[in-house]
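Asks: Sending over target-v6.cif (mmCIF, C-alpha atoms).
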data_input
loop_
_atom_site.label_atom_id
_atom_site.label_comp_id
_atom_site.auth_asym_id
_atom_site.auth_seq_id
_atom_site.Cartn_x
_atom_site.Cartn_y
_atom_site.Cartn_z
CA LYS A 29 -9.39 -1.60 -23.87
CA GLN A 30 -10.55 -3.80 -21.02
CA GLU A 31 -13.09 -2.27 -18.66
CA VAL A 32 -14.30 -3.83 -15.45
CA THR A 33 -17.58 -2.78 -13.90
CA GLN A 34 -18.93 -3.51 -10.46
CA ILE A 35 -22.47 -2.50 -9.61
CA PRO A 36 -23.75 -1.37 -7.18
CA ALA A 37 -20.99 0.72 -5.65
CA ALA A 38 -22.28 0.06 -2.15
CA LEU A 39 -24.43 -2.53 -0.47
CA SER A 40 -25.82 -2.83 3.05
CA VAL A 41 -27.30 -6.09 4.34
CA PRO A 42 -28.31 -7.55 7.69
CA GLU A 43 -26.10 -10.14 9.29
CA GLY A 44 -26.74 -13.70 8.18
CA GLU A 45 -27.90 -12.86 4.69
CA ASN A 46 -26.47 -14.63 1.67
CA LEU A 47 -25.38 -12.18 -0.97
CA VAL A 48 -24.00 -11.95 -4.47
CA LEU A 49 -21.55 -9.38 -5.75
CA ASN A 50 -21.39 -8.89 -9.49
CA CYS A 51 -18.51 -8.08 -11.79
CA SER A 52 -18.55 -7.64 -15.56
CA PHE A 53 -15.73 -7.14 -18.04
CA THR A 54 -15.78 -6.05 -21.66
CA ASP A 55 -13.07 -8.22 -23.21
CA SER A 56 -13.59 -11.93 -22.70
CA ALA A 57 -9.98 -12.76 -23.64
CA ILE A 58 -8.82 -12.94 -20.05
CA TYR A 59 -6.18 -15.14 -18.45
CA ASN A 60 -7.66 -15.11 -14.97
CA LEU A 61 -9.96 -13.20 -12.68
CA GLN A 62 -9.38 -12.39 -9.04
CA TRP A 63 -11.54 -11.17 -6.22
CA PHE A 64 -9.88 -9.06 -3.55
CA ARG A 65 -10.91 -7.61 -0.25
CA GLN A 66 -9.74 -4.17 0.82
CA ASP A 67 -10.29 -2.77 4.28
CA PRO A 68 -10.30 1.04 4.68
CA GLY A 69 -6.82 2.48 4.23
CA LYS A 70 -5.31 -0.97 3.77
CA GLY A 71 -3.84 -3.07 1.02
CA LEU A 72 -5.44 -5.90 -0.88
CA THR A 73 -6.16 -9.40 0.31
CA SER A 74 -6.62 -11.95 -2.43
CA LEU A 75 -9.78 -13.97 -1.85
CA LEU A 76 -10.18 -16.17 -4.90
CA LEU A 77 -8.44 -16.67 -8.21
CA ILE A 78 -10.24 -18.22 -11.16
CA GLN A 79 -8.26 -19.26 -14.21
CA SER A 80 -9.94 -18.68 -17.56
CA SER A 81 -10.49 -22.43 -17.99
CA GLN A 82 -12.30 -22.72 -14.67
CA ARG A 83 -15.94 -22.07 -13.85
CA GLU A 84 -15.73 -21.48 -10.12
CA GLN A 85 -13.59 -21.48 -7.01
CA THR A 86 -14.58 -21.88 -3.40
CA SER A 87 -12.98 -20.89 -0.13
CA GLY A 88 -14.95 -21.25 3.06
CA ARG A 89 -18.08 -19.13 2.84
CA LEU A 90 -16.97 -17.62 -0.45
CA ASN A 91 -17.71 -18.91 -3.91
CA ALA A 92 -16.70 -17.17 -7.10
CA SER A 93 -17.99 -18.11 -10.52
CA LEU A 94 -16.78 -17.13 -13.95
CA ASP A 95 -18.65 -17.00 -17.24
CA LYS A 96 -15.97 -15.85 -19.58
CA SER A 97 -18.08 -15.83 -22.73
CA SER A 98 -20.57 -13.41 -21.23
CA GLY A 99 -17.93 -11.40 -19.40
CA ARG A 100 -19.31 -11.95 -15.93
CA SER A 101 -18.21 -13.12 -12.54
CA THR A 102 -20.03 -13.31 -9.25
CA LEU A 103 -18.78 -13.56 -5.71
CA TYR A 104 -21.20 -15.34 -3.42
CA ILE A 105 -20.88 -14.78 0.31
CA ALA A 106 -22.83 -17.15 2.50
CA ALA A 107 -24.14 -16.26 5.94
CA SER A 108 -22.64 -12.80 5.96
CA GLN A 109 -21.03 -11.45 9.13
CA PRO A 110 -20.15 -7.92 10.29
CA GLY A 111 -16.51 -8.85 9.80
CA ASP A 112 -17.20 -9.22 6.09
CA SER A 113 -17.70 -5.46 5.87
CA ALA A 114 -15.09 -4.18 3.41
CA THR A 115 -14.67 -3.20 -0.22
CA TYR A 116 -14.59 -6.10 -2.65
CA LEU A 117 -12.63 -5.62 -5.85
CA CYS A 118 -12.76 -7.64 -9.00
CA ALA A 119 -9.76 -7.66 -11.35
CA VAL A 120 -8.85 -9.40 -14.61
CA SER A 121 -5.56 -10.08 -16.30
CA THR A 122 -4.60 -11.03 -19.83
CA GLY A 123 -1.51 -13.10 -19.04
CA ALA A 124 0.50 -14.87 -16.35
CA ASN A 125 2.67 -11.85 -15.59
CA SER A 126 0.36 -9.15 -16.88
CA LYS A 127 -1.17 -6.18 -15.16
CA LEU A 128 -4.53 -6.36 -13.48
CA THR A 129 -7.46 -4.22 -14.56
CA PHE A 130 -9.65 -3.45 -11.58
CA GLY A 131 -13.25 -2.51 -11.08
CA LYS A 132 -14.09 0.30 -8.67
CA GLY A 133 -15.21 -2.14 -6.05
CA ILE A 134 -18.35 -2.75 -4.04
CA THR A 135 -18.36 -1.44 -0.48
CA LEU A 136 -20.21 -3.95 1.65
CA SER A 137 -21.64 -3.18 5.05
CA VAL A 138 -23.05 -6.04 7.10
CA ARG A 139 -25.27 -4.77 9.91
CA PRO A 140 -25.29 -6.70 13.21
CA GLY B 23 2.82 -14.32 6.35
CA ALA B 24 3.35 -11.33 4.08
CA VAL B 25 5.23 -12.02 0.88
CA VAL B 26 5.54 -8.37 -0.12
CA SER B 27 6.84 -5.62 2.13
CA GLN B 28 6.03 -2.03 1.23
CA HIS B 29 7.53 0.87 3.13
CA PRO B 30 6.62 3.40 4.38
CA SER B 31 2.95 2.82 5.06
CA TRP B 32 2.13 6.49 5.55
CA VAL B 33 3.88 9.70 4.55
CA ILE B 34 2.93 13.31 5.18
CA CYS B 35 5.21 15.95 3.71
CA LYS B 36 5.34 19.42 2.32
CA SER B 37 4.76 20.32 -1.30
CA GLY B 38 7.97 20.10 -3.32
CA THR B 39 9.41 17.20 -1.37
CA SER B 40 10.50 14.01 -3.11
CA VAL B 41 9.25 10.79 -1.57
CA LYS B 42 10.64 7.29 -2.08
CA ILE B 43 8.49 4.20 -1.62
CA GLU B 44 10.04 0.74 -1.43
CA CYS B 45 8.48 -2.52 -2.51
CA ARG B 46 10.34 -5.63 -1.48
CA SER B 47 9.49 -9.22 -2.29
CA LEU B 48 10.29 -11.62 0.50
CA ASP B 49 11.60 -15.15 -0.05
CA PHE B 50 11.17 -15.23 -3.83
CA GLN B 51 12.38 -13.65 -7.03
CA ALA B 52 9.96 -11.19 -8.53
CA THR B 53 10.10 -11.09 -12.31
CA THR B 54 7.89 -8.09 -12.51
CA MET B 55 6.60 -5.50 -10.12
CA PHE B 56 3.60 -3.32 -10.75
CA TRP B 57 2.89 0.08 -9.26
CA TYR B 58 -0.73 1.12 -8.85
CA ARG B 59 -2.36 4.29 -7.59
CA GLN B 60 -5.76 4.61 -5.98
CA PHE B 61 -7.58 7.89 -5.44
CA PRO B 62 -10.44 8.01 -2.90
CA LYS B 63 -13.46 5.98 -3.97
CA GLN B 64 -11.74 5.09 -7.23
CA SER B 65 -10.30 1.88 -8.55
CA LEU B 66 -6.66 0.95 -8.57
CA MET B 67 -5.04 2.22 -11.72
CA LEU B 68 -1.78 0.88 -13.04
CA MET B 69 0.96 3.49 -13.20
CA ALA B 70 3.89 1.47 -14.45
CA THR B 71 5.33 -1.99 -14.89
CA SER B 72 8.80 -2.57 -13.52
CA ASN B 73 11.04 -5.36 -14.79
CA GLU B 74 14.31 -6.19 -13.10
CA GLY B 75 17.28 -4.67 -14.88
CA SER B 76 15.32 -2.73 -17.46
CA LYS B 77 13.49 0.54 -17.72
CA ALA B 78 9.96 0.71 -16.41
CA THR B 79 7.03 0.86 -18.79
CA TYR B 80 4.64 3.67 -17.93
CA GLU B 81 0.93 3.82 -18.62
CA GLN B 82 -0.45 6.60 -20.75
CA GLY B 83 -0.78 9.83 -18.82
CA VAL B 84 1.78 8.94 -16.14
CA GLU B 85 4.82 11.21 -16.17
CA LYS B 86 7.95 9.10 -16.10
CA ASP B 87 10.10 12.04 -15.01
CA LYS B 88 7.86 12.64 -12.03
CA PHE B 89 7.41 9.04 -10.95
CA LEU B 90 10.84 7.48 -11.04
CA ILE B 91 10.94 3.71 -10.82
CA ASN B 92 14.04 1.68 -10.13
CA HIS B 93 14.05 -2.10 -10.13
CA ALA B 94 17.70 -2.87 -9.47
CA SER B 95 17.27 -6.38 -8.10
CA LEU B 96 14.83 -9.26 -8.19
CA THR B 97 13.59 -8.39 -4.73
CA LEU B 98 13.38 -4.60 -4.67
CA SER B 99 11.66 -1.90 -6.66
CA THR B 100 11.37 1.72 -5.64
CA LEU B 101 8.98 4.46 -6.70
CA THR B 102 10.11 8.02 -6.17
CA VAL B 103 7.55 10.80 -6.43
CA THR B 104 9.65 13.81 -7.31
CA SER B 105 8.66 17.33 -6.28
CA ALA B 106 5.35 16.07 -4.96
CA HIS B 107 2.30 18.33 -5.02
CA PRO B 108 -1.08 18.03 -3.28
CA GLU B 109 -2.62 16.43 -6.37
CA ASP B 110 -0.15 13.56 -5.97
CA SER B 111 -1.77 12.68 -2.65
CA SER B 112 -3.03 9.16 -3.11
CA PHE B 113 -2.69 5.53 -2.06
CA TYR B 114 0.22 3.86 -3.83
CA ILE B 115 0.46 0.09 -3.85
CA CYS B 116 2.84 -2.37 -5.45
CA SER B 117 2.38 -5.92 -6.51
CA VAL B 118 4.79 -8.61 -7.59
CA THR B 119 4.64 -11.67 -9.74
CA ILE B 120 6.77 -14.76 -9.36
CA ARG B 121 8.96 -15.89 -12.24
CA ASP B 122 7.40 -18.68 -14.30
CA SER B 123 4.46 -19.09 -12.00
CA ASN B 124 0.71 -19.05 -12.36
CA GLN B 125 0.36 -17.78 -8.84
CA PRO B 126 -1.69 -14.62 -8.35
CA GLN B 127 -0.01 -11.30 -7.89
CA HIS B 128 0.94 -10.52 -4.34
CA PHE B 129 0.25 -7.02 -3.09
CA GLY B 130 2.01 -4.86 -0.56
CA ASP B 131 0.04 -3.08 2.15
CA GLY B 132 0.24 0.21 0.29
CA THR B 133 1.56 3.67 1.08
CA ARG B 134 -0.74 6.55 1.87
CA LEU B 135 0.89 9.73 0.64
CA SER B 136 -0.41 13.09 1.82
CA ILE B 137 1.16 16.25 0.42
CA LEU B 138 0.41 19.45 2.30
#
Mind turning the file's structure into structure tokens?
Replies:
Amino acid sequence: KQEVTQIPAALSVPEGENLVLNCSFTDSAIYNLQWFRQDPGKGLTSLLLIQSSQREQTSGRLNASLDKSSGRSTLYIAASQPGDSATYLCAVSTGANSKLTFGKGITLSVRP
Amino acid sequence: GAVVSQHPSWVICKSGTSVKIECRSLDFQATTMFWYRQFPKQSLMLMATSNEGSKATYEQGVEKDKFLINHASLTLSTLTVTSAHPEDSSFYICSVTIRDSNQPQHFGDGTRLSIL
């Protein structure tokens, strides 16, 4: 059974800091991995999708890497801003139309 | 713009009421729709997988007679929480996948259900 872990559960940093959010999964036989952002009481916004054959994806100040063999992914946020404050979820799937298995998320607070 | 419309966004009702949540894909055919549930400070957990024209597949521990799923068309799936109780209070969110596509799942904005 696939399990996705995100540690720590919460993180508080000053504005401008570069930071790394970690995600680990137990079964390396994944199809893809996604990072999502969730604001309080809201739905999910997809940030980055990494296919199993890829090593990383970038979008603006965000960079996600994937090491499938070790079961790890990181989300790098450069020059953090207060607007980046949210919960960041990592999720993996085993197929193109398969369910996602989510971690519990990391709640990020960026202090002005 | 949004590719998935979920309605309603917020429901408050009395215990014993049945509540229907709609998930609608906009501008594309959704092969499969997923229904997830999220309790406070917990992760999203899959409840069921809904395929158009067939019965939904429920995850272990999810009561199919309590959480009725109908996926009658390629653009609409509904989740009905029957005889809801306070313990059913949660955040329910749907996602859809596009037929024959490697695109990521698209999520609705979720429905916050509060049972008094």
Asks: Go through B:Gln125, B:Pro108, B:Cys116, B:Gly75 one by one, measure the shortest atom-to-atom distance of each to Gln79 (chain A) using all atoms listed in the file, and give the residue with the smallest value.
Replies: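 Smallest distance to Gln79 (chain A) is found for B:Gln125.
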Asks: In the coordinate frame of the file, compute which residues have an atom within 12 Å of (4.8, 1.5, -15.2) when using only C-alpha atoms, and state them as a ChimeraX atom specification.
Replies: /A:126-127 /B:54-59,67-73,76-93,99-101,116-117
Asks: Please list as a VMD selection string every residue within 9 Å of Gln127 (chain B), counting only C-alpha atoms and excluding residues in the same chain fewer than 3 positions away.
Replies: (chain A and resid 74 125 127 to 128) or (chain B and resid 117 to 120 124)
Asks: Listing only residues of chain B within 6 Å of chain A, what is the closest atom pair and its distance in Å (to one decimal) for each, using all atoms listed in the file, sorted by chain and residue number ascending, as CSV?
Replies:
residue,atom,partner,partner_atom,distance
B:Gln64,CA,A:Lys132,CA,5.5
B:Ser65,CA,A:Lys132,CA,4.1
B:Asn124,CA,A:Ala124,CA,5.8
B:Asp131,CA,A:Gly71,CA,4.0
B:Gly132,CA,A:Gly71,CA,5.3
Asks: Work out how far CA of Leu136 (chain A) is from CA of Ile137 (chain B), in Å to one decimal.
Replies: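 Going from CA of Ile137 (chain B) over to CA of Leu136 (chain A), I get 29.4 Å.
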Asks: So which residues fall inside 8 Å of (-18.0, -21.1, 4.5) if we count all atoms listed in the file? Mind giving them as a VMD selection string?
Replies: chain A and resid 87 to 90 106 to 107
Asks: Here is a test: counting all atoms listed in the file, which residue of B:Thr39, B:Ser111, B:Gln28, B:Ser47 is nearest to Ser136 (chain B)?
Replies: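 Closest to Ser136 (chain B) of all the choices is B:Ser111.
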Asks: Pick out the closest residue to Ala92 (chain A) from this set: A:Val48, A:Thr122, A:Pro110, A:Ile35. Count all atoms listed in the file.
Replies: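 Result for the nearest residue to Ala92 (chain A): A:Val48.
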Asks: Output as AutoDock Vina command-line options the centre and edge lengths (Å, one decimal) of the box along x, y and z of the file that holds every listed atom of region 100-119 of chain B after adding 3 Å on each side.
Replies:
--center_x 4.2 --center_y 3.3 --center_z -5.9 --size_x 20.4 --size_y 36.0 --size_z 13.7
Asks: Between CA of Phe129 (chain B) and CA of Arg46 (chain B), what is the distance, to one decimal in Å?
Replies: 10.3 Å
Asks: Using the structure just given, write a file holding N, CA and C atoms for region 69-93 of chain B, as a PDB file, in the first residue's frame.
Replies:
ATOM      1  N   MET B  69     -12.496   8.338  -1.592  1.00  0.00           N
ATOM      2  CA  MET B  69     -13.692   7.627  -1.162  1.00  0.00           C
ATOM      3  C   MET B  69     -14.119   6.618  -2.226  1.00  0.00           C
ATOM      4  N   ALA B  70     -14.154   7.088  -3.466  1.00  0.00           N
ATOM      5  CA  ALA B  70     -14.664   6.228  -4.528  1.00  0.00           C
ATOM      6  C   ALA B  70     -14.203   6.738  -5.869  1.00  0.00           C
ATOM      7  N   THR B  71     -14.201   5.823  -6.827  1.00  0.00           N
ATOM      8  CA  THR B  71     -13.871   6.134  -8.207  1.00  0.00           C
ATOM      9  C   THR B  71     -15.125   5.936  -9.038  1.00  0.00           C
ATOM     10  N   SER B  72     -15.447   6.939  -9.830  1.00  0.00           N
ATOM     11  CA  SER B  72     -16.692   6.934 -10.582  1.00  0.00           C
ATOM     12  C   SER B  72     -16.402   6.916 -12.081  1.00  0.00           C
ATOM     13  N   ASN B  73     -16.852   5.870 -12.752  1.00  0.00           N
ATOM     14  CA  ASN B  73     -16.698   5.774 -14.194  1.00  0.00           C
ATOM     15  C   ASN B  73     -18.046   5.941 -14.870  1.00  0.00           C
ATOM     16  N   GLU B  74     -18.064   6.676 -15.950  1.00  0.00           N
ATOM     17  CA  GLU B  74     -19.310   6.970 -16.645  1.00  0.00           C
ATOM     18  C   GLU B  74     -20.014   5.692 -17.078  1.00  0.00           C
ATOM     19  N   GLY B  75     -21.275   5.581 -16.709  1.00  0.00           N
ATOM     20  CA  GLY B  75     -22.094   4.458 -17.134  1.00  0.00           C
ATOM     21  C   GLY B  75     -21.917   3.185 -16.346  1.00  0.00           C
ATOM     22  N   SER B  76     -21.088   3.199 -15.327  1.00  0.00           N
ATOM     23  CA  SER B  76     -20.920   1.983 -14.530  1.00  0.00           C
ATOM     24  C   SER B  76     -20.974   2.320 -13.049  1.00  0.00           C
ATOM     25  N   LYS B  77     -21.067   1.271 -12.244  1.00  0.00           N
ATOM     26  CA  LYS B  77     -21.134   1.500 -10.809  1.00  0.00           C
ATOM     27  C   LYS B  77     -19.804   2.016 -10.273  1.00  0.00           C
ATOM     28  N   ALA B  78     -19.898   2.827  -9.253  1.00  0.00           N
ATOM     29  CA  ALA B  78     -18.686   3.371  -8.642  1.00  0.00           C
ATOM     30  C   ALA B  78     -17.957   2.290  -7.861  1.00  0.00           C
ATOM     31  N   THR B  79     -16.659   2.459  -7.767  1.00  0.00           N
ATOM     32  CA  THR B  79     -15.823   1.569  -6.964  1.00  0.00           C
ATOM     33  C   THR B  79     -15.460   2.291  -5.682  1.00  0.00           C
ATOM     34  N   TYR B  80     -15.813   1.694  -4.555  1.00  0.00           N
ATOM     35  CA  TYR B  80     -15.608   2.347  -3.268  1.00  0.00           C
ATOM     36  C   TYR B  80     -14.343   1.825  -2.591  1.00  0.00           C
ATOM     37  N   GLU B  81     -13.695   2.709  -1.875  1.00  0.00           N
ATOM     38  CA  GLU B  81     -12.525   2.318  -1.092  1.00  0.00           C
ATOM     39  C   GLU B  81     -12.981   1.576   0.168  1.00  0.00           C
ATOM     40  N   GLN B  82     -12.064   0.800   0.695  1.00  0.00           N
ATOM     41  CA  GLN B  82     -12.375   0.033   1.894  1.00  0.00           C
ATOM     42  C   GLN B  82     -12.777   0.972   3.021  1.00  0.00           C
ATOM     43  N   GLY B  83     -13.866   0.624   3.699  1.00  0.00           N
ATOM     44  CA  GLY B  83     -14.318   1.420   4.826  1.00  0.00           C
ATOM     45  C   GLY B  83     -15.323   2.496   4.469  1.00  0.00           C
ATOM     46  N   VAL B  84     -15.578   2.705   3.196  1.00  0.00           N
ATOM     47  CA  VAL B  84     -16.559   3.706   2.766  1.00  0.00           C
ATOM     48  C   VAL B  84     -17.868   2.993   2.448  1.00  0.00           C
ATOM     49  N   GLU B  85     -18.934   3.414   3.102  1.00  0.00           N
ATOM     50  CA  GLU B  85     -20.225   2.744   2.934  1.00  0.00           C
ATOM     51  C   GLU B  85     -20.900   3.186   1.643  1.00  0.00           C
ATOM     52  N   LYS B  86     -21.066   2.258   0.729  1.00  0.00           N
ATOM     53  CA  LYS B  86     -21.646   2.613  -0.562  1.00  0.00           C
ATOM     54  C   LYS B  86     -23.120   2.981  -0.453  1.00  0.00           C
ATOM     55  N   ASP B  87     -23.806   2.453   0.556  1.00  0.00           N
ATOM     56  CA  ASP B  87     -25.219   2.787   0.704  1.00  0.00           C
ATOM     57  C   ASP B  87     -25.412   4.154   1.340  1.00  0.00           C
ATOM     58  N   LYS B  88     -24.367   4.659   1.961  1.00  0.00           N
ATOM     59  CA  LYS B  88     -24.456   5.968   2.580  1.00  0.00           C
ATOM     60  C   LYS B  88     -23.983   7.065   1.627  1.00  0.00           C
ATOM     61  N   PHE B  89     -22.988   6.745   0.855  1.00  0.00           N
ATOM     62  CA  PHE B  89     -22.423   7.707  -0.094  1.00  0.00           C
ATOM     63  C   PHE B  89     -22.738   7.221  -1.502  1.00  0.00           C
ATOM     64  N   LEU B  90     -23.852   7.706  -2.019  1.00  0.00           N
ATOM     65  CA  LEU B  90     -24.338   7.269  -3.317  1.00  0.00           C
ATOM     66  C   LEU B  90     -23.697   8.098  -4.424  1.00  0.00           C
ATOM     67  N   ILE B  91     -23.118   7.418  -5.383  1.00  0.00           N
ATOM     68  CA  ILE B  91     -22.452   8.105  -6.480  1.00  0.00           C
ATOM     69  C   ILE B  91     -23.131   7.733  -7.787  1.00  0.00           C
ATOM     70  N   ASN B  92     -23.430   8.753  -8.552  1.00  0.00           N
ATOM     71  CA  ASN B  92     -24.036   8.561  -9.872  1.00  0.00           C
ATOM     72  C   ASN B  92     -23.208   9.293 -10.899  1.00  0.00           C
ATOM     73  N   HIS B  93     -22.826   8.583 -11.940  1.00  0.00           N
ATOM     74  CA  HIS B  93     -22.015   9.200 -13.005  1.00  0.00           C
ATOM     75  C   HIS B  93     -22.730   8.911 -14.320  1.00  0.00           C
TER      76      HIS B  93
END
